[in-house]
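Structure file coords-v3.cif (mmCIF, C-alpha atoms) is printed below.
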```cif
data_data
#
loop_
_atom_site.group_PDB
_atom_site.id
_atom_site.type_symbol
_atom_site.label_atom_id
_atom_site.label_comp_id
_atom_site.auth_asym_id
_atom_site.auth_seq_id
_atom_site.Cartn_x
_atom_site.Cartn_y
_atom_site.Cartn_z
ATOM 1 C CA MET A 179 -36.567 -19.154 -14.621
ATOM 2 C CA ILE A 180 -34.873 -22.098 -16.313
ATOM 3 C CA THR A 181 -34.408 -21.790 -20.051
ATOM 4 C CA LEU A 182 -33.321 -24.340 -22.639
ATOM 5 C CA GLU A 183 -32.388 -22.894 -26.009
ATOM 6 C CA ASN A 184 -31.988 -25.298 -28.946
ATOM 7 C CA VAL A 185 -30.449 -27.963 -26.716
ATOM 8 C CA SER A 186 -29.284 -31.268 -28.235
ATOM 9 C CA LYS A 187 -27.514 -34.322 -26.850
ATOM 10 C CA ARG A 188 -26.383 -37.324 -28.859
ATOM 11 C CA PHE A 189 -25.152 -40.759 -27.765
ATOM 12 C CA GLU A 190 -23.411 -42.351 -30.747
ATOM 13 C CA ASP A 191 -26.133 -42.470 -33.443
ATOM 14 C CA VAL A 192 -29.069 -41.726 -31.112
ATOM 15 C CA TRP A 193 -30.338 -38.200 -30.471
ATOM 16 C CA ALA A 194 -31.491 -38.419 -26.836
ATOM 17 C CA VAL A 195 -32.458 -34.733 -26.919
ATOM 18 C CA ASP A 196 -32.935 -33.053 -30.275
ATOM 19 C CA ASN A 197 -33.045 -29.246 -30.570
ATOM 20 C CA VAL A 198 -35.242 -28.697 -27.516
ATOM 21 C CA SER A 199 -36.325 -25.235 -26.398
ATOM 22 C CA LEU A 200 -38.298 -24.920 -23.156
ATOM 23 C CA THR A 201 -39.007 -22.313 -20.505
ATOM 24 C CA MET A 202 -39.742 -23.312 -16.913
ATOM 25 C CA GLN A 203 -41.234 -20.347 -15.094
ATOM 26 C CA GLU A 204 -40.529 -19.793 -11.419
ATOM 27 C CA GLY A 205 -43.326 -19.970 -8.883
ATOM 28 C CA SER A 206 -45.188 -22.803 -10.626
ATOM 29 C CA VAL A 207 -44.964 -26.588 -10.836
ATOM 30 C CA PHE A 208 -43.525 -27.762 -14.153
ATOM 31 C CA GLY A 209 -44.349 -31.369 -15.065
ATOM 32 C CA LEU A 210 -42.129 -33.144 -17.578
ATOM 33 C CA ILE A 211 -43.753 -36.149 -19.220
ATOM 34 C CA GLY A 212 -42.929 -38.233 -22.254
ATOM 35 C CA THR A 213 -42.888 -41.569 -23.999
ATOM 36 C CA ASN A 214 -40.299 -44.187 -23.007
ATOM 37 C CA GLY A 215 -36.865 -43.081 -24.166
ATOM 38 C CA ALA A 216 -38.102 -39.566 -24.895
ATOM 39 C CA GLY A 217 -35.074 -37.964 -23.212
ATOM 40 C CA LYS A 218 -36.551 -36.765 -19.907
ATOM 41 C CA THR A 219 -33.732 -38.022 -17.690
ATOM 42 C CA THR A 220 -31.047 -36.841 -20.125
ATOM 43 C CA MET A 221 -32.663 -33.410 -20.168
ATOM 44 C CA LEU A 222 -32.742 -33.200 -16.384
ATOM 45 C CA ARG A 223 -29.100 -34.235 -16.181
ATOM 46 C CA MET A 224 -28.194 -31.410 -18.541
ATOM 47 C CA VAL A 225 -30.367 -28.927 -16.638
ATOM 48 C CA THR A 226 -28.546 -29.873 -13.437
ATOM 49 C CA GLY A 227 -25.088 -29.653 -15.013
ATOM 50 C CA ILE A 228 -24.315 -33.374 -14.779
ATOM 51 C CA MET A 229 -24.113 -33.575 -18.564
ATOM 52 C CA ARG A 230 -23.018 -30.970 -21.054
ATOM 53 C CA PRO A 231 -25.228 -30.457 -24.121
ATOM 54 C CA ASP A 232 -23.639 -31.014 -27.515
ATOM 55 C CA SER A 233 -25.251 -27.799 -28.713
ATOM 56 C CA GLY A 234 -27.521 -25.060 -27.410
ATOM 57 C CA ARG A 235 -27.432 -23.597 -23.938
ATOM 58 C CA ILE A 236 -29.181 -23.938 -20.582
ATOM 59 C CA LEU A 237 -29.652 -20.969 -18.264
ATOM 60 C CA ILE A 238 -30.848 -20.790 -14.670
ATOM 61 C CA ASP A 239 -31.924 -17.241 -13.861
ATOM 62 C CA GLU A 240 -29.935 -16.127 -16.940
ATOM 63 C CA LYS A 241 -26.744 -17.853 -15.718
ATOM 64 C CA PRO A 242 -25.177 -20.793 -17.625
ATOM 65 C CA VAL A 243 -25.500 -23.934 -15.548
ATOM 66 C CA PHE A 244 -22.698 -26.232 -16.707
ATOM 67 C CA ASN A 245 -19.598 -25.939 -14.516
ATOM 68 C CA GLN A 246 -20.961 -22.791 -12.832
ATOM 69 C CA GLU A 247 -21.062 -23.103 -9.042
ATOM 70 C CA GLN A 248 -23.296 -20.070 -8.567
ATOM 71 C CA ALA A 249 -26.011 -21.507 -10.817
ATOM 72 C CA ILE A 250 -25.708 -25.015 -9.370
ATOM 73 C CA ARG A 251 -26.446 -23.735 -5.852
ATOM 74 C CA GLU A 252 -29.844 -22.534 -7.079
ATOM 75 C CA PHE A 253 -31.268 -26.061 -7.290
ATOM 76 C CA TYR A 254 -31.357 -29.466 -5.614
ATOM 77 C CA PHE A 255 -31.633 -32.535 -7.844
ATOM 78 C CA ILE A 256 -33.400 -35.712 -6.739
ATOM 79 C CA PRO A 257 -32.669 -38.454 -9.309
ATOM 80 C CA ASP A 258 -34.820 -41.527 -9.835
ATOM 81 C CA GLU A 259 -32.381 -43.472 -7.650
ATOM 82 C CA PRO A 260 -31.224 -41.032 -4.933
ATOM 83 C CA PHE A 261 -27.519 -41.015 -4.114
ATOM 84 C CA PHE A 262 -26.251 -41.192 -0.543
ATOM 85 C CA PHE A 263 -22.709 -41.706 0.710
ATOM 86 C CA ARG A 264 -21.793 -45.281 1.486
ATOM 87 C CA ASN A 265 -22.570 -46.219 5.100
ATOM 88 C CA ALA A 266 -23.996 -42.722 5.683
ATOM 89 C CA THR A 267 -26.817 -41.993 8.102
ATOM 90 C CA PRO A 268 -29.372 -39.165 7.753
ATOM 91 C CA ARG A 269 -27.308 -37.254 10.329
ATOM 92 C CA ASP A 270 -24.207 -37.642 8.124
ATOM 93 C CA MET A 271 -26.108 -36.305 5.117
ATOM 94 C CA GLU A 272 -27.341 -33.306 7.101
ATOM 95 C CA LYS A 273 -23.795 -32.423 8.153
ATOM 96 C CA TYR A 274 -22.543 -32.691 4.582
ATOM 97 C CA LEU A 275 -25.390 -30.774 2.937
ATOM 98 C CA ALA A 276 -25.065 -27.977 5.506
ATOM 99 C CA THR A 277 -21.544 -27.365 4.157
ATOM 100 C CA VAL A 278 -22.776 -27.243 0.534
ATOM 101 C CA TYR A 279 -25.936 -25.171 0.915
ATOM 102 C CA GLU A 280 -25.488 -22.061 3.017
ATOM 103 C CA GLU A 281 -29.175 -21.870 3.943
ATOM 104 C CA PHE A 282 -29.637 -25.542 4.748
ATOM 105 C CA ALA A 283 -32.373 -25.827 7.393
ATOM 106 C CA SER A 284 -30.938 -28.293 9.909
ATOM 107 C CA LEU A 285 -33.661 -27.948 12.551
ATOM 108 C CA PRO A 286 -36.541 -28.564 10.080
ATOM 109 C CA PHE A 287 -34.501 -31.471 8.650
ATOM 110 C CA TYR A 288 -34.655 -33.332 11.973
ATOM 111 C CA GLU A 289 -38.265 -32.333 12.478
ATOM 112 C CA TYR A 290 -39.121 -33.887 9.115
ATOM 113 C CA LEU A 291 -37.190 -37.043 10.018
ATOM 114 C CA GLU A 292 -39.327 -37.397 13.126
ATOM 115 C CA LYS A 293 -42.592 -36.744 11.272
ATOM 116 C CA PHE A 294 -41.684 -39.249 8.569
ATOM 117 C CA GLY A 295 -40.497 -41.807 11.119
ATOM 118 C CA LEU A 296 -36.948 -41.972 9.732
ATOM 119 C CA PRO A 297 -34.164 -42.780 12.250
ATOM 120 C CA ARG A 298 -31.368 -40.206 12.173
ATOM 121 C CA GLU A 299 -28.558 -42.597 13.208
ATOM 122 C CA LYS A 300 -29.439 -45.647 11.118
ATOM 123 C CA LYS A 301 -27.522 -46.435 7.913
ATOM 124 C CA ILE A 302 -29.464 -45.284 4.866
ATOM 125 C CA SER A 303 -28.461 -48.446 2.997
ATOM 126 C CA THR A 304 -30.832 -50.360 5.297
ATOM 127 C CA PHE A 305 -33.792 -48.126 4.364
ATOM 128 C CA SER A 306 -36.482 -49.303 1.959
ATOM 129 C CA LYS A 307 -36.801 -47.632 -1.450
ATOM 130 C CA GLY A 308 -39.702 -45.553 -0.192
ATOM 131 C CA MET A 309 -37.800 -44.440 2.903
ATOM 132 C CA GLN A 310 -34.792 -43.446 0.790
ATOM 133 C CA LYS A 311 -37.053 -41.428 -1.514
ATOM 134 C CA GLN A 312 -38.597 -39.706 1.510
ATOM 135 C CA LEU A 313 -35.147 -38.836 2.826
ATOM 136 C CA ALA A 314 -34.057 -37.488 -0.573
ATOM 137 C CA ILE A 315 -37.106 -35.209 -0.662
ATOM 138 C CA ILE A 316 -36.411 -33.999 2.882
ATOM 139 C CA CYS A 317 -32.802 -33.225 1.910
ATOM 140 C CA GLY A 318 -34.011 -31.304 -1.128
ATOM 141 C CA LEU A 319 -36.606 -29.279 0.729
ATOM 142 C CA CYS A 320 -34.273 -28.406 3.596
ATOM 143 C CA SER A 321 -31.540 -27.259 1.211
ATOM 144 C CA ASN A 322 -33.735 -24.180 0.705
ATOM 145 C CA THR A 323 -32.827 -23.881 -2.954
ATOM 146 C CA LYS A 324 -34.972 -21.936 -5.373
ATOM 147 C CA TYR A 325 -35.582 -24.964 -7.606
ATOM 148 C CA LEU A 326 -36.263 -28.582 -6.679
ATOM 149 C CA ILE A 327 -35.687 -30.838 -9.690
ATOM 150 C CA CYS A 328 -37.133 -34.317 -9.332
ATOM 151 C CA ASP A 329 -37.012 -37.437 -11.487
ATOM 152 C CA GLU A 330 -39.898 -39.811 -10.613
ATOM 153 C CA THR A 331 -40.535 -38.132 -7.253
ATOM 154 C CA PHE A 332 -43.515 -40.262 -6.235
ATOM 155 C CA ASP A 333 -42.110 -43.631 -7.296
ATOM 156 C CA GLY A 334 -41.938 -45.945 -4.283
ATOM 157 C CA LEU A 335 -44.182 -43.818 -2.059
ATOM 158 C CA ASP A 336 -47.486 -45.091 -0.705
ATOM 159 C CA PRO A 337 -50.682 -43.052 -1.351
ATOM 160 C CA VAL A 338 -50.685 -41.392 2.089
ATOM 161 C CA MET A 339 -47.040 -40.364 1.743
ATOM 162 C CA ARG A 340 -47.632 -39.036 -1.799
ATOM 163 C CA GLN A 341 -50.386 -36.751 -0.544
ATOM 164 C CA GLY A 342 -48.186 -35.613 2.325
ATOM 165 C CA ILE A 343 -45.321 -34.738 -0.034
ATOM 166 C CA LYS A 344 -47.685 -32.751 -2.255
ATOM 167 C CA SER A 345 -48.857 -30.735 0.753
ATOM 168 C CA ILE A 346 -45.284 -30.042 1.860
ATOM 169 C CA LEU A 347 -44.300 -28.933 -1.657
ATOM 170 C CA ALA A 348 -47.302 -26.600 -1.728
ATOM 171 C CA ASN A 349 -46.298 -25.107 1.641
ATOM 172 C CA HIS A 350 -42.739 -24.456 0.475
ATOM 173 C CA MET A 351 -44.045 -22.838 -2.705
ATOM 174 C CA ASP A 352 -46.302 -20.570 -0.682
ATOM 175 C CA GLN A 353 -43.807 -19.721 2.066
ATOM 176 C CA ARG A 354 -40.540 -19.267 0.189
ATOM 177 C CA GLY A 355 -41.329 -19.381 -3.535
ATOM 178 C CA LEU A 356 -40.026 -22.883 -4.282
ATOM 179 C CA THR A 357 -40.285 -23.958 -7.929
ATOM 180 C CA PRO A 358 -40.614 -27.759 -8.334
ATOM 181 C CA ILE A 359 -39.774 -29.380 -11.674
ATOM 182 C CA ILE A 360 -41.024 -32.960 -11.747
ATOM 183 C CA ALA A 361 -40.467 -35.643 -14.383
ATOM 184 C CA SER A 362 -42.754 -38.628 -14.004
ATOM 185 C CA HIS A 363 -44.638 -41.399 -15.776
ATOM 186 C CA ASN A 364 -47.370 -41.118 -13.141
ATOM 187 C CA LEU A 365 -49.609 -38.675 -14.955
ATOM 188 C CA ARG A 366 -52.411 -38.820 -12.412
ATOM 189 C CA GLU A 367 -50.050 -37.615 -9.705
ATOM 190 C CA LEU A 368 -48.771 -34.763 -11.860
ATOM 191 C CA GLU A 369 -52.288 -33.745 -12.815
ATOM 192 C CA ASP A 370 -53.029 -32.923 -9.168
ATOM 193 C CA ILE A 371 -50.161 -30.458 -8.699
ATOM 194 C CA CYS A 372 -48.748 -29.232 -12.025
ATOM 195 C CA ASP A 373 -49.408 -25.824 -13.539
ATOM 196 C CA HIS A 374 -47.466 -26.384 -16.760
ATOM 197 C CA ILE A 375 -46.715 -29.532 -18.764
ATOM 198 C CA GLY A 376 -43.906 -30.286 -21.202
ATOM 199 C CA LEU A 377 -44.461 -33.382 -23.364
ATOM 200 C CA LEU A 378 -41.426 -35.040 -24.953
ATOM 201 C CA HIS A 379 -41.286 -37.663 -27.689
ATOM 202 C CA LYS A 380 -38.177 -39.075 -29.357
ATOM 203 C CA GLY A 381 -35.977 -36.324 -27.960
ATOM 204 C CA GLY A 382 -38.199 -33.452 -29.099
ATOM 205 C CA VAL A 383 -40.962 -31.327 -27.586
ATOM 206 C CA LEU A 384 -44.483 -32.166 -28.743
ATOM 207 C CA LEU A 385 -46.002 -29.402 -26.642
ATOM 208 C CA SER A 386 -45.367 -27.123 -23.683
ATOM 209 C CA LYS A 387 -48.531 -25.580 -22.272
ATOM 210 C CA ASP A 388 -50.341 -24.599 -19.113
ATOM 211 C CA LEU A 389 -52.297 -27.643 -17.985
ATOM 212 C CA LEU A 390 -55.549 -25.706 -17.689
ATOM 213 C CA ASP A 391 -55.200 -24.315 -21.225
ATOM 214 C CA MET A 392 -54.362 -27.781 -22.493
ATOM 215 C CA LYS A 393 -57.509 -29.238 -20.981
ATOM 216 C CA CYS A 394 -59.643 -26.367 -22.215
ATOM 217 C CA ASN A 395 -58.512 -26.844 -25.815
ATOM 218 C CA ILE A 396 -58.865 -30.621 -26.158
ATOM 219 C CA GLN A 397 -62.280 -32.234 -25.747
ATOM 220 C CA LYS A 398 -63.669 -35.756 -25.671
ATOM 221 C CA ILE A 399 -67.042 -36.244 -27.327
ATOM 222 C CA GLN A 400 -69.232 -39.308 -27.115
ATOM 223 C CA CYS A 401 -72.039 -39.352 -29.639
ATOM 224 C CA VAL A 402 -74.299 -41.331 -31.914
ATOM 225 C CA PHE A 403 -74.717 -39.825 -35.365
ATOM 226 C CA ALA A 404 -78.071 -40.042 -37.136
ATOM 227 C CA THR A 405 -76.278 -41.066 -40.337
ATOM 228 C CA GLU A 406 -72.782 -42.022 -41.435
ATOM 229 C CA GLU A 407 -72.779 -38.921 -43.644
ATOM 230 C CA GLU A 408 -72.905 -36.792 -40.484
ATOM 231 C CA ALA A 409 -69.958 -38.754 -39.077
ATOM 232 C CA ASP A 410 -67.994 -38.120 -42.286
ATOM 233 C CA LYS A 411 -68.837 -34.421 -42.058
ATOM 234 C CA ALA A 412 -67.443 -34.247 -38.518
ATOM 235 C CA ARG A 413 -64.344 -36.176 -39.582
ATOM 236 C CA GLN A 414 -63.621 -33.709 -42.390
ATOM 237 C CA GLN A 415 -64.456 -30.463 -40.622
ATOM 238 C CA MET A 416 -63.075 -30.957 -37.103
ATOM 239 C CA ASP A 417 -59.485 -31.042 -35.875
ATOM 240 C CA ILE A 418 -59.697 -34.654 -34.711
ATOM 241 C CA LEU A 419 -56.883 -36.333 -32.812
ATOM 242 C CA GLN A 420 -58.651 -39.652 -32.335
ATOM 243 C CA MET A 421 -61.935 -41.137 -33.507
ATOM 244 C CA ASP A 422 -63.126 -44.604 -32.437
ATOM 245 C CA LYS A 423 -66.381 -46.406 -33.081
ATOM 246 C CA ARG A 424 -67.990 -49.212 -31.101
ATOM 247 C CA GLY A 425 -71.332 -50.225 -32.506
ATOM 248 C CA MET A 426 -73.144 -46.939 -33.103
ATOM 249 C CA LEU A 427 -71.216 -45.039 -30.421
ATOM 250 C CA TYR A 428 -68.392 -42.746 -31.520
ATOM 251 C CA THR A 429 -65.716 -41.518 -29.101
ATOM 252 C CA ILE A 430 -63.900 -38.506 -30.532
ATOM 253 C CA THR A 431 -60.953 -36.540 -29.175
ATOM 254 C CA ALA A 432 -60.731 -33.167 -30.908
ATOM 255 C CA ARG A 433 -58.980 -29.841 -30.530
ATOM 256 C CA GLY A 434 -61.050 -26.766 -29.765
ATOM 257 C CA PRO A 435 -62.696 -24.860 -26.897
ATOM 258 C CA ARG A 436 -65.599 -26.631 -25.225
ATOM 259 C CA GLU A 437 -68.103 -23.950 -26.281
ATOM 260 C CA GLU A 438 -67.140 -24.231 -29.954
ATOM 261 C CA ILE A 439 -67.301 -28.021 -29.912
ATOM 262 C CA MET A 440 -70.734 -27.977 -28.292
ATOM 263 C CA ALA A 441 -72.002 -25.375 -30.770
ATOM 264 C CA TYR A 442 -70.685 -27.442 -33.678
ATOM 265 C CA PHE A 443 -72.391 -30.639 -32.514
ATOM 266 C CA ALA A 444 -75.605 -28.749 -31.906
ATOM 267 C CA GLY A 445 -75.669 -28.134 -35.645
ATOM 268 C CA LEU A 446 -75.123 -31.788 -36.556
ATOM 269 C CA ASP A 447 -77.806 -34.446 -36.883
ATOM 270 C CA THR A 448 -77.117 -36.671 -33.876
ATOM 271 C CA VAL A 449 -79.155 -39.054 -31.748
ATOM 272 C CA PHE A 450 -77.227 -37.749 -28.730
ATOM 273 C CA TYR A 451 -73.868 -36.223 -27.831
ATOM 274 C CA GLU A 452 -71.983 -35.185 -24.713
ATOM 275 C CA VAL A 453 -68.695 -33.328 -24.232
ATOM 276 C CA LEU A 454 -66.533 -34.729 -21.424
ATOM 277 C CA PRO A 455 -63.394 -33.446 -19.661
ATOM 278 C CA LEU A 456 -60.108 -35.173 -20.495
ATOM 279 C CA SER A 457 -57.535 -36.398 -18.016
ATOM 280 C CA LEU A 458 -53.838 -35.689 -18.527
ATOM 281 C CA GLU A 459 -53.398 -39.374 -19.367
ATOM 282 C CA GLU A 460 -55.972 -39.138 -22.157
ATOM 283 C CA ILE A 461 -54.315 -35.985 -23.505
ATOM 284 C CA PHE A 462 -50.953 -37.779 -23.477
ATOM 285 C CA ILE A 463 -52.359 -40.720 -25.446
ATOM 286 C CA SER A 464 -54.091 -38.466 -27.968
ATOM 287 C CA GLU A 465 -51.075 -36.246 -28.595
ATOM 288 C CA THR A 466 -48.630 -39.131 -28.960
ATOM 289 C CA GLU A 467 -50.935 -41.109 -31.257
ATOM 290 C CA VAL A 468 -50.813 -38.184 -33.683
ATOM 291 C CA VAL A 469 -47.053 -38.752 -34.085
ATOM 292 C CA GLY A 470 -47.372 -42.527 -34.416
ATOM 293 C CA TYR A 471 -47.027 -43.691 -30.800
ATOM 294 C CA ASP A 472 -50.171 -45.794 -30.978
ATOM 295 C CA ILE A 473 -51.277 -48.430 -28.463
ATOM 296 C CA LYS A 474 -52.930 -50.385 -31.289
ATOM 297 C CA LYS A 475 -49.579 -50.801 -33.034
ATOM 298 C CA ILE A 476 -47.927 -51.914 -29.800
ATOM 299 C CA VAL A 477 -50.612 -54.487 -28.937
ATOM 300 C CA PHE A 478 -51.603 -55.873 -32.330
ATOM 301 C CA ASN A 479 -48.481 -55.622 -34.525
#
```
Serialized structure, structure tokens:
Amino acid sequence: MITLENVSKRFEDVWAVDNVSLTMQEGSVFGLIGTNGAGKTTMLRMVTGIMRPDSGRILIDEKPVFNQEQAIREFYFIPDEPFFFRNATPRDMEKYLATVYEEFASLPFYEYLEKFGLPREKKISTFSKGMQKQLAIICGLCSNTKYLICDETFDGLDPVMRQGIKSILANHMDQRGLTPIIASHNLRELEDICDHIGLLHKGGVLLSKDLLDMKCNIQKIQCVFATEEEADKARQQMDILQMDKRGMLYTITARGPREEIMAYFAGLDTVFYEVLPLSLEEIFISETEVVGYDIKKIVFN
């Protein structure tokens, strides 16, 4: 388990991470999402010991991470732009990583290279961005660490490769208990594989919930009210995150279990209504609009 307790990090007059507390449970996929500049990358760099928090503490399996070799060996970090030694080949990286990680799986490493079509003796600097990302993921998986921490894992990968990586991650979770922690702007990709979501905004945590619970407690309703008085009643009595009107049709995003929302609308005077499932992207938009991160302000102001 990775735990952040009241963690803050400041760069001059900007709080990149502001008093964040999070728990990332082992054995599940934790997805870290957020608005631009929310502090995701800074947080990951502190979790991996690259940066030291100004205050608070970060623990990996109850061990402090910063400057602690034992804790650092528990994870492999894949940054947004993977680092490889200058002029190194995949074979060079395998030799190096085998000296750092005692359980590095050299044979599977070369098997993955062959499956992915990556040449073992060619300089990595000649690889495309997608090929370098594939190699970084292979290095991380074959390090056999307990945690795989990824910043924009799927960026640069084609759709077929993205599905393949998801399957491989799932196999490693099932076979050896791998815990992936993935920060990404690609919410549709995360929605397919994540069990838990942490949403950051302006350096703070807006929410940290199981994805299934999150979806079960936020609903989208499309309806036509018989009168505007009924619309006002819904506006006053429901926990509404967003309410838009086009012509007679209202689209409402509201908090609450599906059964309660349906029972409530059954008691209203409506021409019709339907309760629809929300995507992670729609949840993101609704939650961030509540705190002022509104697409209408960005487009029209």
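With distances restricted to all atoms listed in the file, A:Phe253 is the closest residue to Glu204 of chain A from A:Phe462, A:Phe189, A:Phe403, A:Phe253.
Going from atom CA of Glu272 of chain A to atom CA of Lys311 of chain A covers 15.3 Å.
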What box, with edges along x, y and z, holds each listed atom of segment 216-224 of chain A when 6 Å is added on every side, and can you state its centre and edge lengths in Å to one decimal, as JSON?
```
{"center_x": -33.1, "center_y": -35.5, "center_z": -20.5, "size_x": 21.9, "size_y": 20.2, "size_z": 20.7}
```
*What does the PyMOL selection byres ((chain A and resi 412-421) around 8) select in this file, as a PyMOL selection string?*
chain A and resi 408-411+422-423+428-434+464-465+467-468
*Quick one: residues within 7 Å of Pro260 of chain A, all atoms listed in the file counted, chain neighbours fewer than 2 positions away excluded, as a PyMOL selection string?*
chain A and resi 256-258+262+311+314
*May I ask which of the residues A:Thr405, A:Ser186, A:Asn395, A:Gln353 is the closest one to Pro435 of chain A, counting all atoms listed in the file?*
A:Asn395
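Across A:Glu183, A:Glu292, A:Glu367, A:Glu259, the tightest approach to Thr219 of chain A is made by A:Glu259 when counting all atoms listed in the file.
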*Which residue gives the smallest distance to Phe255 of chain A among A:Glu330, A:Glu240, A:Glu406, A:Glu369, with only C-alpha atoms counted?*
A:Glu330
_Once the PyMOL selection byres ((chain A and resi 200) around 7) is applied to the coordinates I shared, what remains selected? I want it as a PyMOL selection string._
chain A and resi 181-183+198-199+201-202
